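Dropping entry.cif in here (mmCIF, C-alpha atoms and all ligand atoms):
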data_structure
#
loop_
_atom_site.label_atom_id
_atom_site.label_comp_id
_atom_site.auth_asym_id
_atom_site.auth_seq_id
_atom_site.Cartn_x
_atom_site.Cartn_y
_atom_site.Cartn_z
CA MET A 1 105.59 102.30 157.10
CA THR A 2 109.19 103.42 157.43
CA LEU A 3 112.01 101.21 156.15
CA LEU A 4 112.89 100.37 159.76
CA GLU A 5 109.35 99.21 160.46
CA GLU A 6 109.26 97.20 157.25
CA TRP A 7 112.56 95.64 158.23
CA SER A 8 111.35 94.43 161.62
CA ASP A 9 108.22 93.14 159.89
CA LEU A 10 110.38 91.17 157.46
CA LEU A 11 112.55 89.75 160.24
CA SER A 12 109.44 88.53 162.03
CA ARG A 13 108.44 86.72 158.83
CA ARG A 14 111.93 85.23 158.44
CA PRO A 15 113.11 84.49 162.00
CA THR A 16 115.82 82.08 160.83
CA PHE A 17 117.62 85.03 159.18
CA LEU A 18 117.69 87.17 162.34
CA GLY A 19 121.35 86.40 163.03
CA PRO A 20 122.88 86.90 159.57
CA LEU A 21 120.72 89.94 158.78
CA ALA A 22 121.39 91.74 162.07
CA VAL A 23 124.15 93.83 160.43
CA TYR A 24 121.56 95.83 158.49
CA GLN A 25 119.85 97.22 161.59
CA ALA A 26 122.37 99.95 162.46
CA LEU A 27 122.59 101.03 158.82
CA LEU A 28 118.81 101.47 158.58
CA GLU A 29 118.86 103.37 161.87
CA SER A 30 121.49 105.77 160.51
CA TRP A 31 119.27 106.39 157.47
CA ALA A 32 116.30 107.09 159.75
CA ARG A 33 118.38 109.64 161.70
CA TRP A 34 119.53 111.43 158.56
CA SER A 35 118.24 114.96 158.26
CA GLY A 36 118.10 116.65 154.91
CA GLU A 37 117.72 120.15 156.33
CA ARG A 38 120.78 121.52 154.63
CA LEU A 39 120.14 119.81 151.33
CA GLN A 40 118.72 121.80 148.45
CA PRO A 41 116.52 119.34 146.54
CA LEU A 42 116.56 119.28 142.76
CA LEU A 43 113.56 121.34 141.66
CA TRP A 44 113.45 120.80 137.92
CA THR A 45 110.28 121.18 135.86
CA ALA A 46 108.70 118.32 133.93
CA ASP A 47 110.27 119.75 130.76
CA GLU A 48 113.72 119.87 132.26
CA CYS A 49 113.43 116.23 133.37
CA GLU A 50 111.94 115.00 130.08
CA ASN A 51 114.65 116.77 128.15
CA ARG A 52 117.28 114.57 129.85
CA TRP A 53 115.23 111.38 129.65
CA ARG A 54 114.68 111.85 125.93
CA ARG A 55 118.45 112.04 125.53
CA GLU A 56 118.83 108.93 127.73
CA ILE A 57 120.62 110.85 130.47
CA PRO A 58 119.85 110.25 134.16
CA LEU A 59 119.06 113.52 135.94
CA LEU A 60 121.95 113.27 138.36
CA SER A 61 124.58 113.34 135.64
CA GLU A 62 123.59 116.90 134.73
CA ALA A 63 122.69 118.03 138.23
CA GLU A 64 125.35 116.84 140.61
CA PRO A 65 124.45 117.82 144.18
CA ARG A 66 126.88 119.60 146.45
CA ILE A 67 127.35 117.17 149.31
CA PRO A 68 129.26 118.35 152.36
CA ALA A 69 131.32 115.41 153.65
CA THR A 70 129.96 115.93 157.17
CA ASP A 71 126.41 115.24 155.94
CA LEU A 72 127.40 111.73 154.94
CA GLU A 73 129.46 110.77 157.93
CA ASP A 74 126.72 109.06 159.91
CA PRO A 75 125.42 106.70 157.17
CA LEU A 76 128.95 106.24 155.80
CA GLY A 77 130.22 105.35 159.27
CA ALA A 78 127.36 102.84 159.64
CA SER A 79 128.23 101.33 156.24
CA LEU A 80 131.90 100.94 157.17
CA GLU A 81 130.85 99.41 160.47
CA PHE A 82 128.66 96.96 158.53
CA LEU A 83 131.68 95.82 156.52
CA THR A 84 133.81 95.51 159.65
CA GLU A 85 131.19 93.41 161.40
CA LEU A 86 130.81 91.21 158.37
CA GLY A 87 134.55 90.57 158.39
CA GLY A 88 137.10 90.19 155.62
CA HIS A 89 137.08 93.90 154.74
CA GLU A 90 139.30 95.32 157.49
CA ASP A 91 142.13 96.51 155.22
CA ALA A 92 139.74 98.08 152.72
CA VAL A 93 137.90 99.91 155.50
CA ARG A 94 141.17 101.19 156.93
CA ARG A 95 142.39 102.44 153.57
CA PHE A 96 139.07 104.11 152.83
CA ILE A 97 138.97 105.93 156.18
CA ARG A 98 142.54 107.14 155.74
CA GLU A 99 141.80 108.60 152.31
CA TRP A 100 138.47 110.05 153.42
CA ASP A 101 140.02 111.79 156.42
CA ALA A 102 142.76 113.19 154.17
CA GLY A 103 140.11 114.56 151.81
CA GLU A 104 141.42 112.37 148.99
CA VAL A 105 138.08 110.58 148.74
CA THR A 106 135.04 112.84 148.47
CA PRO A 107 131.28 112.15 148.55
CA ALA A 108 131.03 112.87 144.81
CA MET A 109 133.38 109.95 144.11
CA LEU A 110 130.68 107.54 145.31
CA LEU A 111 128.04 108.74 142.82
CA PRO A 112 126.98 106.55 139.90
CA THR A 113 128.48 107.50 136.54
CA ARG A 114 128.07 106.04 133.08
CA GLY A 115 128.26 102.26 133.28
CA ARG A 116 129.53 102.09 136.85
CA ILE A 117 129.10 103.13 140.46
CA GLY A 118 131.79 105.35 141.97
CA ALA A 119 134.97 106.87 140.59
CA PRO A 120 137.56 104.40 139.19
CA ARG A 121 140.04 105.84 141.67
CA LEU A 122 138.29 104.05 144.54
CA GLU A 123 139.24 100.74 142.96
CA GLU A 124 142.53 101.71 141.37
CA SER A 125 144.17 103.70 144.13
CA VAL A 126 142.20 102.96 147.31
CA GLY A 127 142.05 99.29 146.31
CA LEU A 128 138.36 98.67 147.00
CA SER A 129 136.48 95.93 145.16
CA PRO A 130 133.58 97.05 142.91
CA GLU A 131 131.20 95.32 145.35
CA VAL A 132 132.50 97.34 148.29
CA VAL A 133 132.32 100.60 146.32
CA ALA A 134 128.71 99.89 145.28
CA PHE A 135 127.76 98.94 148.81
CA LEU A 136 129.32 102.10 150.30
CA ALA A 137 127.62 104.24 147.65
CA CYS A 138 124.25 102.79 148.53
CA GLY A 139 124.81 102.85 152.29
CA ALA A 140 126.18 106.37 152.43
CA LEU A 141 124.17 108.09 149.70
CA ARG A 142 120.68 106.61 149.87
CA PRO A 143 119.07 109.09 152.32
CA MET A 144 120.67 112.05 150.54
CA LEU A 145 119.85 110.95 146.97
CA HIS A 146 116.33 109.98 148.00
CA ALA A 147 115.70 113.49 149.34
CA TYR A 148 117.57 115.26 146.53
CA LEU A 149 115.64 113.59 143.69
CA ALA A 150 112.25 113.14 145.37
CA ASP A 151 110.53 116.13 143.80
CA CYS A 152 111.31 115.02 140.22
CA ARG A 153 109.82 111.55 140.65
CA ARG A 154 106.31 112.64 139.78
CA TYR A 155 107.36 113.53 136.23
CA LEU A 156 108.44 110.03 135.21
CA THR A 157 105.90 108.19 133.04
CA ASP A 158 106.01 104.66 131.62
CA ARG A 159 107.24 106.07 128.34
CA SER A 160 109.84 108.51 129.68
CA TRP A 161 112.75 106.10 129.96
CA ILE A 162 113.90 102.96 128.21
CA LEU A 163 117.23 102.07 129.83
CA GLY A 164 118.09 99.52 132.50
CA VAL A 165 119.73 102.11 134.79
CA CYS A 166 117.87 104.47 137.11
CA PRO A 167 116.45 107.52 135.26
CA PHE A 168 117.13 109.66 138.33
CA CYS A 169 120.58 108.70 139.63
CA GLY A 170 121.93 106.34 136.94
CA ALA A 171 122.58 103.34 139.20
CA PRO A 172 121.79 99.79 138.04
CA PRO A 173 118.67 98.23 139.58
CA GLY A 174 118.85 96.29 142.84
CA PHE A 175 115.51 94.47 142.68
CA ALA A 176 112.38 94.16 140.54
CA ASP A 177 108.68 94.17 141.35
CA VAL A 178 105.91 92.75 139.22
CA THR A 179 102.96 95.03 139.95
CA GLU A 180 99.25 94.29 140.12
CA THR A 181 98.90 95.05 136.43
CA GLY A 182 101.70 92.63 135.55
CA GLN A 183 104.18 95.41 134.80
CA ARG A 184 107.83 95.02 135.78
CA LEU A 185 109.21 97.86 137.88
CA LEU A 186 112.94 98.02 138.48
CA ALA A 187 114.00 99.41 141.85
CA CYS A 188 117.00 101.63 142.56
CA HIS A 189 118.58 101.11 145.97
CA LEU A 190 120.74 104.23 145.71
CA CYS A 191 117.90 106.74 145.44
CA GLY A 192 114.78 104.65 146.10
CA ALA A 193 113.14 105.30 142.72
CA GLY A 194 111.41 102.77 140.48
CA TRP A 195 110.86 102.61 136.72
CA ALA A 196 109.01 100.43 134.24
CA PHE A 197 111.03 97.97 132.16
CA PRO A 198 110.09 95.14 129.75
CA ARG A 199 109.76 91.77 131.46
CA LEU A 200 111.60 89.92 128.72
CA GLN A 201 114.71 92.03 128.55
CA CYS A 202 117.90 91.95 130.61
CA PRO A 203 118.20 95.31 132.43
CA PHE A 204 121.98 94.98 132.60
CA CYS A 205 122.91 94.33 128.96
CA GLY A 206 119.62 94.91 127.13
CA HIS A 207 119.58 91.38 125.71
CA GLN A 208 116.13 90.21 124.60
CA THR A 209 116.55 86.68 123.25
CA PRO A 210 114.11 84.56 125.34
CA LYS A 211 116.30 81.44 125.42
CA ASP A 212 119.09 83.39 127.15
CA LEU A 213 116.85 84.86 129.85
CA VAL A 214 116.44 82.20 132.49
CA ARG A 215 114.58 81.86 135.72
CA LEU A 216 116.37 80.25 138.67
CA ASP A 217 114.25 78.58 141.29
CA ALA A 218 114.85 78.12 144.99
CA GLU A 219 114.88 74.59 146.37
CA GLU A 220 112.05 75.45 148.68
CA LYS A 221 109.95 77.51 146.40
CA GLU A 222 108.34 80.58 147.93
CA GLU A 223 105.45 81.73 145.88
CA GLY A 224 106.01 85.11 144.26
CA TYR A 225 109.80 85.22 144.62
CA PHE A 226 112.02 84.39 141.67
CA ILE A 227 115.42 85.13 140.16
CA SER A 228 115.86 86.37 136.59
CA ALA A 229 119.28 85.73 135.13
CA CYS A 230 120.90 86.53 131.79
CA ARG A 231 123.11 84.00 130.01
CA LYS A 232 124.70 86.73 127.95
CA CYS A 233 126.09 89.07 130.64
CA HIS A 234 125.67 86.62 133.56
CA ALA A 235 123.92 89.17 135.77
CA TYR A 236 120.83 88.40 137.80
CA ILE A 237 118.08 90.25 139.58
CA LYS A 238 115.62 89.01 142.17
CA GLU A 239 111.97 89.73 141.53
CA LEU A 240 108.79 89.71 143.54
CA ASP A 241 105.34 89.24 142.08
CA ARG A 242 103.17 91.60 144.11
CA ARG A 243 100.01 89.94 142.81
CA VAL A 244 100.88 86.95 144.98
CA ARG A 245 102.64 88.78 147.82
CA TRP A 246 100.55 91.85 148.41
CA ASN A 247 101.79 92.23 152.03
CA ALA A 248 105.52 92.20 151.24
CA GLY A 249 107.84 95.08 152.10
CA SER A 250 109.38 97.55 149.66
CA ALA A 251 111.95 96.45 147.09
CA LEU A 252 115.05 97.25 149.16
CA ILE A 253 113.72 95.44 152.23
CA GLU A 254 112.69 92.37 150.24
CA ASP A 255 116.08 92.33 148.54
CA TRP A 256 118.08 92.56 151.75
CA GLY A 257 115.78 90.04 153.38
CA SER A 258 116.24 87.24 150.83
CA PRO A 259 119.97 86.32 150.87
CA HIS A 260 119.08 82.64 150.28
CA LEU A 261 118.08 83.58 146.73
CA ASP A 262 121.37 85.38 146.13
CA LEU A 263 123.17 82.26 147.24
CA ILE A 264 121.37 80.26 144.55
CA ALA A 265 122.25 82.80 141.87
CA VAL A 266 125.90 83.03 142.95
CA ARG A 267 126.27 79.25 143.03
CA ALA A 268 124.87 79.13 139.52
CA GLY A 269 127.63 81.54 138.44
CA TYR A 270 125.70 84.80 138.21
CA TRP A 271 126.60 88.22 139.62
CA ARG A 272 124.88 91.52 140.42
CA PRO A 273 126.22 95.07 140.29
CA VAL A 274 124.63 96.27 143.56
CA PRO A 275 125.81 93.63 146.02
CA SER A 276 123.81 91.74 148.60
CA LEU A 277 125.08 90.28 151.83
CA ILE A 278 126.20 87.20 149.88
CA GLN A 279 128.54 89.06 147.51
CA LEU A 280 129.98 91.02 150.45
CA THR A 281 130.41 87.94 152.63
CA ARG A 282 132.55 86.27 150.02
CA GLY A 283 134.87 88.95 151.25
CA ASN A 284 137.40 89.67 148.52
CA THR A 285 138.60 93.19 149.12
ZN ZN A 301 118.36 105.87 141.47
ZN ZN A 302 122.31 90.57 130.34
#
Show me this structure written as structure tokens.
Amino acid sequence: MTLLEEWSDLLSRRPTFLGPLAVYQALLESWARWSGERLQPLLWTADECENRWRREIPLLSEAEPRIPATDLEDPLGASLEFLTELGGHEDAVRRFIREWDAGEVTPAMLLPTRGRIGAPRLEESVGLSPEVVAFLACGALRPMLHAYLADCRRYLTDRSWILGVCPFCGAPPGFADVTETGQRLLACHLCGAGWAFPRLQCPFCGHQTPKDLVRLDAEEKEEGYFISACRKCHAYIKELDRRVRWNAGSALIEDWGSPHLDLIAVRAGYWRPVPSLIQLTRGNT
């Protein structure tokens, strides 16, 4: 199933969310239209990948792709349109477009780097919030990064990588799956990869003390869905136990389709580095 098909499947399961989630449709359509014909994928060997992973370096940080700005304009335009429709981001969108058109903001500035998403300049001089930068990075880069890094995915093993950021692009995780074997797989929304990570460890700060790792429950509990939050860094991640929900969509779709869980986490005072509709709707730009 394509992401678009999974999305309409999810909306049919959650008809009450049709209105609020409608903004995602055009973005997913722009991703489906994206053509990677001009992109040269990263064709590293297993050794070349493992060499970086052993040194705890995501592949992208030593293999930055050349991204012509025109290749990103469709998904980037759809992402900016998303923010405009959502409301509260008009000034940020205007400033971003002005700088982009002047060539002051380039595609490379949206890439994840150590400990953050996007170049500091986007916050400092364009005046975007970290949430908006992370959203634009995901919205604009996902089809490109997915295609660029796809060939290297087969080399990742359970033992290749120990960090809480994506071994391929370096972004923090956007969702987690508990697989049929009970393993926790973190999901990257920026490039679509997944990687194994201990269940009793915070992916965002590495904290492992059980009493600080809490589970937040929804009022109306849906079996299989839960929120893991960390009392040390106050970040959270939504998780889905695939042993209970074998027919659920992929991580990105399930994440976007469960804003009610983000609301619970936000109200409890927790945050996430890759924003959901809820963080973006709060609208501070
Ligand atoms: Zn990634
Ligand atoms: Zn933490």
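Every protein, DNA or RNA residue with an atom at most 12 Å from A:Thr2, where only C-alpha atoms count and chain neighbours fewer than 5 positions away do not, is listed here: A:Trp7, A:Ser8, A:Asp9, A:Leu28, A:Glu29, A:Trp31, A:Ala32, A:Arg33, A:Gly249, A:Ser250, A:Leu252, A:Ile253.
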Spatial neighbours of stretch 61-78 of chain A, max dist 7 Å, all atoms listed in the file, sep filter under 5 positions, as a PyMOL selection string: chain A and resi 26-27+30-31+106-107+136+139-140
Expected selection as a PDB file with C-alpha atoms, keeping the file's coordinate frame for ligand ZN 302 (chain A) within 6 Å, only C-alpha atoms and all ligand atoms:
ATOM      1  CA  CYS A 202     117.900  91.950 130.610  1.00  0.00           C
ATOM      2  CA  PHE A 204     121.980  94.980 132.600  1.00  0.00           C
ATOM      3  CA  CYS A 205     122.910  94.330 128.960  1.00  0.00           C
ATOM      4  CA  HIS A 207     119.580  91.380 125.710  1.00  0.00           C
ATOM      5  CA  CYS A 230     120.900  86.530 131.790  1.00  0.00           C
ATOM      6  CA  LYS A 232     124.700  86.730 127.950  1.00  0.00           C
ATOM      7  CA  CYS A 233     126.090  89.070 130.640  1.00  0.00           C
ATOM      8  CA  ALA A 235     123.920  89.170 135.770  1.00  0.00           C
TER       9      ALA A 235
END
Counting all atoms listed in the file, name the residues that have an atom within 7 Å of an atom of ligand ZN 301 (chain A); the answer should be given as JSON, numbers by chain. {"A": [166, 167, 168, 169, 170, 171, 188, 189, 190, 191, 192, 193]}
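Among A:Trp161, A:Ala229, A:Ser125, A:Gly194, the residue with the shortest atom-to-atom distance to A:Lys211, counting only C-alpha atoms, is A:Ala229.
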Please write as a VMD selection string the list of polymer residues whose atoms come within 10 Å of (119.0, 92.2, 160.4), counting all atoms listed in the file and keeping to the coordinates of the file. chain A and resid 7 to 8 10 to 11 15 17 to 28 256 to 257
Report, as lines of an AutoDock Vina configuration file, the centre and edge lengths in Å (one decimal) of the axis-aligned box enclosing every listed atom of stretch 81-99 of chain A, padded by 5 Å on each side.
center_x = 135.6
center_y = 99.4
center_z = 156.9
size_x = 23.9
size_y = 28.4
size_z = 19.1
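Within 10 Å of the point (123.2, 90.3, 147.0) in file coordinates, and counting all atoms listed in the file, lie the residues A:Glu131, A:Phe135, A:Gly174, A:Phe175, A:Tyr236, A:Ile237, A:Lys238, A:Asp255, A:Trp256, A:Gly257, A:Ser258, A:Pro259, A:His260, A:Leu261, A:Asp262, A:Leu263, A:Ala265, A:Val266, A:Trp271, A:Arg272, A:Pro273, A:Val274, A:Pro275, A:Ser276, A:Leu277, A:Ile278, A:Gln279, A:Leu280, A:Thr281.
A straight line drawn from atom CA of A:Arg243 to atom CA of A:Arg199 is 15.1 Å long.
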So which one's closest to A:Gly224, A:Leu240, A:Ala108, A:Ala150, A:Leu83? Using only C-alpha atoms, please. A:Leu240
Please compute the atom CA of A:Pro172-atom CA of A:Ile97 distance, one decimal, in Å. 25.7 Å
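Distances here use all atoms listed in the file; by that measure, the residue among A:Ala119, A:Leu3, A:Leu59, A:Met144 closest to A:Glu254 is A:Leu3.
Shortest separation to A:Ser160 among A:Phe96, A:Trp53, A:Trp195, A:Phe82 occurs at residue A:Trp53, atoms counted being all atoms listed in the file.
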